[in-house]
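Worksheet: the structure to be examined is printed underneath.
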Amino acid sequence: MKIALGCDHGGLDLKLLVVDFLSKRNVEVVDSGCHSLESVDYPCYAEKVCGLISSGDCERGILICGTGIGMSIAANRYRHIRAALCHESFTARMSREHNNSNVLCLGARVLGTEVALDIVRVWLESEFGDGRHQRRLDMLK
Ligand code: RB5
């Protein structure tokens with residue numbers, strides 16, 4: 001699977017840990033920035049990641065900012081994106097099984113490292129349930 005990653009300055013440190021975590025699991029990563037702690041605007045990175053999913057270059061994306069809120073608001077403005085802001089692995093799994101989330105949003109200033117990486121692991125391993133869930137997603141179009 002190819003995953004697009006994006007962050008702002010508030011999410012940089014956690015994003016680097018996620019890149020390392022995914023690379024060790026042979027997940028292909030496209031890192032769309034940012035690449036320094038200089039203050040930047042999260043909508044720009046949400047746009048890059050959502051664009052990579054829209055073009056088919058990447059199957060899913062992970063967006064990280066201080067709280068995860070800005071990234072989730074920004075990502076969900078794109079029609080083809082179903083972004084889930086998760087603080088633990090149960091909602092991460094449900095966001096895949098019931099909502100077919102294709103973007104995971106994380107709040108780097110909210111989560112401990114181990115919890116964040118557990119969320120990423122569960123989100124990656126969980127599959128969409130289809131059936132009645134697809135019918136409900138179709139209603140959102
Ligand atoms: C940046 O200071 C912060 O506002 C941003 O990372 C994010 O938390 C916004 O939702």
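Here's how to read the names in the structure tokens: chain A, B, ... by the order shown, residue numbers from 1 in each chain, ligand numbers from 1 in the order shown.
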message: Give me the residues near segment 108-110 of chain A as a list in words, where near means some atom within 7 Å (using only C-alpha atoms) and where sequence neighbours in that chain fewer than 6 positions away do not count.
response: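 Listed by chain and then number, they are Gly10, Gly11, Leu14, Ile64, Cys65, Gly66 and Thr67 of chain A.
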Please dump the current selection as an mmCIF file, in the first residue's frame; keep N, CA and C atoms.
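Just written: out-v1.cif:
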```
data_model
loop_
_atom_site.group_PDB
_atom_site.id
_atom_site.type_symbol
_atom_site.label_atom_id
_atom_site.label_comp_id
_atom_site.auth_asym_id
_atom_site.auth_seq_id
_atom_site.Cartn_x
_atom_site.Cartn_y
_atom_site.Cartn_z
ATOM 1 N N GLY A 10 3.281 21.597 13.864
ATOM 2 C CA GLY A 10 2.841 20.948 15.105
ATOM 3 C C GLY A 10 2.879 19.433 15.017
ATOM 4 N N GLY A 11 2.892 18.913 13.800
ATOM 5 C CA GLY A 11 2.848 17.454 13.617
ATOM 6 C C GLY A 11 4.138 16.846 13.112
ATOM 7 N N LEU A 14 5.914 13.857 15.168
ATOM 8 C CA LEU A 14 5.139 12.609 15.104
ATOM 9 C C LEU A 14 5.153 12.044 13.683
ATOM 10 N N ILE A 64 -1.227 15.032 10.021
ATOM 11 C CA ILE A 64 -0.928 15.286 11.435
ATOM 12 C C ILE A 64 -0.717 16.783 11.659
ATOM 13 N N CYS A 65 -1.460 17.333 12.615
ATOM 14 C CA CYS A 65 -1.199 18.701 13.068
ATOM 15 C C CYS A 65 -1.231 18.685 14.598
ATOM 16 N N GLY A 66 -1.294 19.842 15.234
ATOM 17 C CA GLY A 66 -1.231 19.880 16.691
ATOM 18 C C GLY A 66 -2.367 19.104 17.333
ATOM 19 N N THR A 67 -3.581 19.375 16.899
ATOM 20 C CA THR A 67 -4.758 18.706 17.463
ATOM 21 C C THR A 67 -5.362 17.657 16.523
#
```
Give me, as a PDB file with N, CA and C atoms, in the first residue's frame, the set of residues whose atoms come within 12 Å of any atom of ligand 1, counting only C-alpha atoms and all ligand atoms.
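So part-v3.pdb came out as:
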```
ATOM      1  N   GLY A   6       1.275  13.923   5.457  1.00  0.00           N
ATOM      2  CA  GLY A   6       1.409  15.372   5.490  1.00  0.00           C
ATOM      3  C   GLY A   6       1.277  15.870   6.915  1.00  0.00           C
ATOM      4  N   CYS A   7       1.914  16.989   7.199  1.00  0.00           N
ATOM      5  CA  CYS A   7       1.828  17.557   8.546  1.00  0.00           C
ATOM      6  C   CYS A   7       2.076  19.057   8.466  1.00  0.00           C
ATOM      7  N   ASP A   8       1.755  19.736   9.572  1.00  0.00           N
ATOM      8  CA  ASP A   8       2.258  21.102   9.730  1.00  0.00           C
ATOM      9  C   ASP A   8       3.370  21.051  10.785  1.00  0.00           C
ATOM     10  N   HIS A   9       3.833  22.213  11.210  1.00  0.00           N
ATOM     11  CA  HIS A   9       4.925  22.257  12.183  1.00  0.00           C
ATOM     12  C   HIS A   9       4.565  21.547  13.490  1.00  0.00           C
ATOM     13  N   GLY A  10       3.281  21.597  13.864  1.00  0.00           N
ATOM     14  CA  GLY A  10       2.841  20.948  15.105  1.00  0.00           C
ATOM     15  C   GLY A  10       2.879  19.433  15.017  1.00  0.00           C
ATOM     16  N   GLY A  11       2.892  18.913  13.800  1.00  0.00           N
ATOM     17  CA  GLY A  11       2.848  17.454  13.617  1.00  0.00           C
ATOM     18  C   GLY A  11       4.138  16.846  13.112  1.00  0.00           C
ATOM     19  N   LEU A  12       5.154  17.685  12.918  1.00  0.00           N
ATOM     20  CA  LEU A  12       6.381  17.196  12.263  1.00  0.00           C
ATOM     21  C   LEU A  12       7.038  16.031  13.014  1.00  0.00           C
ATOM     22  N   ASP A  13       7.255  16.180  14.303  1.00  0.00           N
ATOM     23  CA  ASP A  13       7.975  15.134  15.052  1.00  0.00           C
ATOM     24  C   ASP A  13       7.228  13.800  14.984  1.00  0.00           C
ATOM     25  N   LEU A  14       5.914  13.857  15.168  1.00  0.00           N
ATOM     26  CA  LEU A  14       5.139  12.609  15.104  1.00  0.00           C
ATOM     27  C   LEU A  14       5.153  12.044  13.683  1.00  0.00           C
ATOM     28  N   CYS A  34       5.150  19.059   5.937  1.00  0.00           N
ATOM     29  CA  CYS A  34       6.280  19.963   5.870  1.00  0.00           C
ATOM     30  C   CYS A  34       7.546  19.265   6.375  1.00  0.00           C
ATOM     31  N   LEU A  37      10.363  22.909  11.379  1.00  0.00           N
ATOM     32  CA  LEU A  37       9.491  23.391  12.458  1.00  0.00           C
ATOM     33  C   LEU A  37       9.020  24.821  12.228  1.00  0.00           C
ATOM     34  N   GLU A  38       9.374  25.384  11.094  1.00  0.00           N
ATOM     35  CA  GLU A  38       8.896  26.730  10.737  1.00  0.00           C
ATOM     36  C   GLU A  38       7.369  26.705  10.609  1.00  0.00           C
ATOM     37  N   SER A  39       6.727  27.745  11.113  1.00  0.00           N
ATOM     38  CA  SER A  39       5.268  27.768  11.110  1.00  0.00           C
ATOM     39  C   SER A  39       4.708  27.774   9.678  1.00  0.00           C
ATOM     40  N   VAL A  40       3.798  26.835   9.420  1.00  0.00           N
ATOM     41  CA  VAL A  40       3.178  26.717   8.091  1.00  0.00           C
ATOM     42  C   VAL A  40       1.667  26.569   8.262  1.00  0.00           C
ATOM     43  N   ASP A  41       0.949  26.508   7.156  1.00  0.00           N
ATOM     44  CA  ASP A  41      -0.512  26.451   7.186  1.00  0.00           C
ATOM     45  C   ASP A  41      -1.006  25.046   6.825  1.00  0.00           C
ATOM     46  N   TYR A  42      -1.721  24.430   7.760  1.00  0.00           N
ATOM     47  CA  TYR A  42      -2.128  23.028   7.550  1.00  0.00           C
ATOM     48  C   TYR A  42      -2.979  22.783   6.297  1.00  0.00           C
ATOM     49  N   PRO A  43      -3.825  23.756   5.833  1.00  0.00           N
ATOM     50  CA  PRO A  43      -4.630  23.434   4.645  1.00  0.00           C
ATOM     51  C   PRO A  43      -3.775  23.087   3.416  1.00  0.00           C
ATOM     52  N   TYR A  45      -1.049  21.353   3.289  1.00  0.00           N
ATOM     53  CA  TYR A  45      -0.577  19.958   3.340  1.00  0.00           C
ATOM     54  C   TYR A  45      -1.744  18.989   3.218  1.00  0.00           C
ATOM     55  N   ALA A  46      -2.891  19.393   3.724  1.00  0.00           N
ATOM     56  CA  ALA A  46      -4.094  18.583   3.503  1.00  0.00           C
ATOM     57  C   ALA A  46      -4.394  18.514   2.006  1.00  0.00           C
ATOM     58  N   LEU A  63      -2.658  12.580   7.994  1.00  0.00           N
ATOM     59  CA  LEU A  63      -2.404  14.009   8.193  1.00  0.00           C
ATOM     60  C   LEU A  63      -2.259  14.306   9.677  1.00  0.00           C
ATOM     61  N   ILE A  64      -1.227  15.032  10.021  1.00  0.00           N
ATOM     62  CA  ILE A  64      -0.928  15.286  11.435  1.00  0.00           C
ATOM     63  C   ILE A  64      -0.717  16.783  11.659  1.00  0.00           C
ATOM     64  N   CYS A  65      -1.460  17.333  12.615  1.00  0.00           N
ATOM     65  CA  CYS A  65      -1.199  18.701  13.068  1.00  0.00           C
ATOM     66  C   CYS A  65      -1.231  18.685  14.598  1.00  0.00           C
ATOM     67  N   GLY A  66      -1.294  19.842  15.234  1.00  0.00           N
ATOM     68  CA  GLY A  66      -1.231  19.880  16.691  1.00  0.00           C
ATOM     69  C   GLY A  66      -2.367  19.104  17.333  1.00  0.00           C
ATOM     70  N   THR A  67      -3.581  19.375  16.899  1.00  0.00           N
ATOM     71  CA  THR A  67      -4.758  18.706  17.463  1.00  0.00           C
ATOM     72  C   THR A  67      -5.362  17.657  16.523  1.00  0.00           C
ATOM     73  N   GLY A  68      -5.042  17.736  15.251  1.00  0.00           N
ATOM     74  CA  GLY A  68      -5.686  16.891  14.240  1.00  0.00           C
ATOM     75  C   GLY A  68      -6.965  17.520  13.710  1.00  0.00           C
ATOM     76  N   ILE A  69      -7.452  18.550  14.397  1.00  0.00           N
ATOM     77  CA  ILE A  69      -8.757  19.134  14.036  1.00  0.00           C
ATOM     78  C   ILE A  69      -8.664  19.912  12.727  1.00  0.00           C
ATOM     79  N   GLY A  70      -7.661  20.772  12.616  1.00  0.00           N
ATOM     80  CA  GLY A  70      -7.522  21.554  11.385  1.00  0.00           C
ATOM     81  C   GLY A  70      -7.374  20.657  10.170  1.00  0.00           C
ATOM     82  N   MET A  71      -6.553  19.629  10.305  1.00  0.00           N
ATOM     83  CA  MET A  71      -6.341  18.717   9.180  1.00  0.00           C
ATOM     84  C   MET A  71      -7.627  17.983   8.814  1.00  0.00           C
ATOM     85  N   SER A  72      -8.416  17.580   9.823  1.00  0.00           N
ATOM     86  CA  SER A  72      -9.636  16.833   9.499  1.00  0.00           C
ATOM     87  C   SER A  72     -10.676  17.742   8.851  1.00  0.00           C
ATOM     88  N   ILE A  73     -10.766  18.979   9.319  1.00  0.00           N
ATOM     89  CA  ILE A  73     -11.696  19.921   8.689  1.00  0.00           C
ATOM     90  C   ILE A  73     -11.282  20.163   7.238  1.00  0.00           C
ATOM     91  N   ALA A  74      -9.993  20.393   7.042  1.00  0.00           N
ATOM     92  CA  ALA A  74      -9.490  20.678   5.690  1.00  0.00           C
ATOM     93  C   ALA A  74      -9.698  19.483   4.762  1.00  0.00           C
ATOM     94  N   ALA A  75      -9.328  18.293   5.215  1.00  0.00           N
ATOM     95  CA  ALA A  75      -9.396  17.111   4.340  1.00  0.00           C
ATOM     96  C   ALA A  75     -10.832  16.783   3.960  1.00  0.00           C
ATOM     97  N   LEU A  85     -10.623  11.683  12.442  1.00  0.00           N
ATOM     98  CA  LEU A  85      -9.732  12.142  13.514  1.00  0.00           C
ATOM     99  C   LEU A  85      -9.864  11.151  14.661  1.00  0.00           C
ATOM    100  N   CYS A 105      -6.425  11.281  10.587  1.00  0.00           N
ATOM    101  CA  CYS A 105      -5.884  12.521  11.155  1.00  0.00           C
ATOM    102  C   CYS A 105      -5.477  12.277  12.604  1.00  0.00           C
ATOM    103  N   LEU A 106      -4.318  12.790  12.942  1.00  0.00           N
ATOM    104  CA  LEU A 106      -3.791  12.620  14.300  1.00  0.00           C
ATOM    105  C   LEU A 106      -3.418  13.964  14.902  1.00  0.00           C
ATOM    106  N   GLY A 107      -3.612  14.097  16.202  1.00  0.00           N
ATOM    107  CA  GLY A 107      -3.211  15.305  16.926  1.00  0.00           C
ATOM    108  C   GLY A 107      -1.933  15.034  17.704  1.00  0.00           C
ATOM    109  N   ALA A 108      -0.846  15.591  17.233  1.00  0.00           N
ATOM    110  CA  ALA A 108       0.458  15.301  17.836  1.00  0.00           C
ATOM    111  C   ALA A 108       0.572  15.859  19.250  1.00  0.00           C
ATOM    112  N   ARG A 109      -0.195  16.926  19.545  1.00  0.00           N
ATOM    113  CA  ARG A 109      -0.113  17.518  20.879  1.00  0.00           C
ATOM    114  C   ARG A 109      -1.117  16.886  21.841  1.00  0.00           C
ATOM    115  N   VAL A 110      -1.837  15.900  21.339  1.00  0.00           N
ATOM    116  CA  VAL A 110      -2.866  15.232  22.128  1.00  0.00           C
ATOM    117  C   VAL A 110      -2.432  13.813  22.500  1.00  0.00           C
TER     118      VAL A 110
END
```
Can you pull out the residues contacting Arg25 of chain A? Cut-off 12 Å, using only C-alpha atoms, and skip same-chain residues under 6 positions away; I want them as an mmCIF file with C-alpha atoms, in the first residue's frame.
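Contents of part_32.cif, as written:
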```
data_model
loop_
_atom_site.group_PDB
_atom_site.id
_atom_site.type_symbol
_atom_site.label_atom_id
_atom_site.label_comp_id
_atom_site.auth_asym_id
_atom_site.auth_seq_id
_atom_site.Cartn_x
_atom_site.Cartn_y
_atom_site.Cartn_z
ATOM 1 C CA MET A 1 0.000 0.000 0.000
ATOM 2 C CA LYS A 2 1.167 3.526 -0.794
ATOM 3 C CA VAL A 18 5.119 7.490 11.577
ATOM 4 C CA VAL A 19 7.348 7.522 8.468
ATOM 5 C CA VAL A 120 -1.770 3.888 12.743
ATOM 6 C CA ARG A 121 -1.184 0.113 12.953
ATOM 7 C CA LEU A 124 -3.732 0.177 8.331
ATOM 8 C CA GLU A 125 -4.768 -3.377 9.152
#
```
- request: Show which residues sit within 8 Å of Val49 of chain A, as a count of residues only. Count only C-alpha atoms, and ignore same-chain residues fewer than 5 positions away.
  value: 7
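We find atom CA of Ile53 of chain A and atom CA of Ile3 of chain A to be spaced 8.7 Å apart.
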- request: Write out as a count of residues only all residues of segment 14-98 of chain A that backbone DSSP assigns to alpha helix (DSSP H).
  value: 40
message: From the options A:His80, A:His98, A:His35, A:Ile119, which residue's atoms come nearest to Gly56 of chain A, counting only C-alpha atoms?
response: A:His80
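Restricting the calculation to only C-alpha atoms, the smallest distance between Arg96 of chain A and any of A:Leu22, A:Val122, A:Ala116, A:Leu111 is found for A:Val122.
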Closest of A:Lys141, A:Arg82, A:Arg136, A:Arg93 to Asp118 of chain A - atom-to-atom distances counting only C-alpha atoms: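 Among A:Lys141, A:Arg82, A:Arg136, A:Arg93, it is A:Arg93 that comes nearest to Asp118 of chain A.
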Residue list (strand (DSSP E or B), DSSP) for segment 15-118 of chain A, as a list in words: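 Going through segment 15-118 of chain A, the strand (DSSP E or B) residues come out as Glu28, Val29, Val30, Asp31, Arg60, Gly61, Ile62, Leu63, Ile64, Cys65, Ala83, Ala84, Leu85, Val103, Leu104, Cys105, Leu106 and Gly107 of chain A.
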query: When you draw a straight line from atom CA of Val30 of chain A to atom CA of Gln134 of chain A, how long is it in Å?
result: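 Between atom CA of Val30 of chain A and atom CA of Gln134 of chain A the gap is 27.9 Å.
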query: Taking into account only C-alpha atoms, which residue in the set A:Asp31, A:Glu114, A:Asp57, A:Glu97 is nearest to Gly129 of chain A?
result: A:Glu97
Point-to-point distance from atom CA of Asp138 of chain A to atom CA of Asn76 of chain A, Å rounded to tenths: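 If I compute the distance from atom CA of Asp138 of chain A to atom CA of Asn76 of chain A, I get 15.5 Å.
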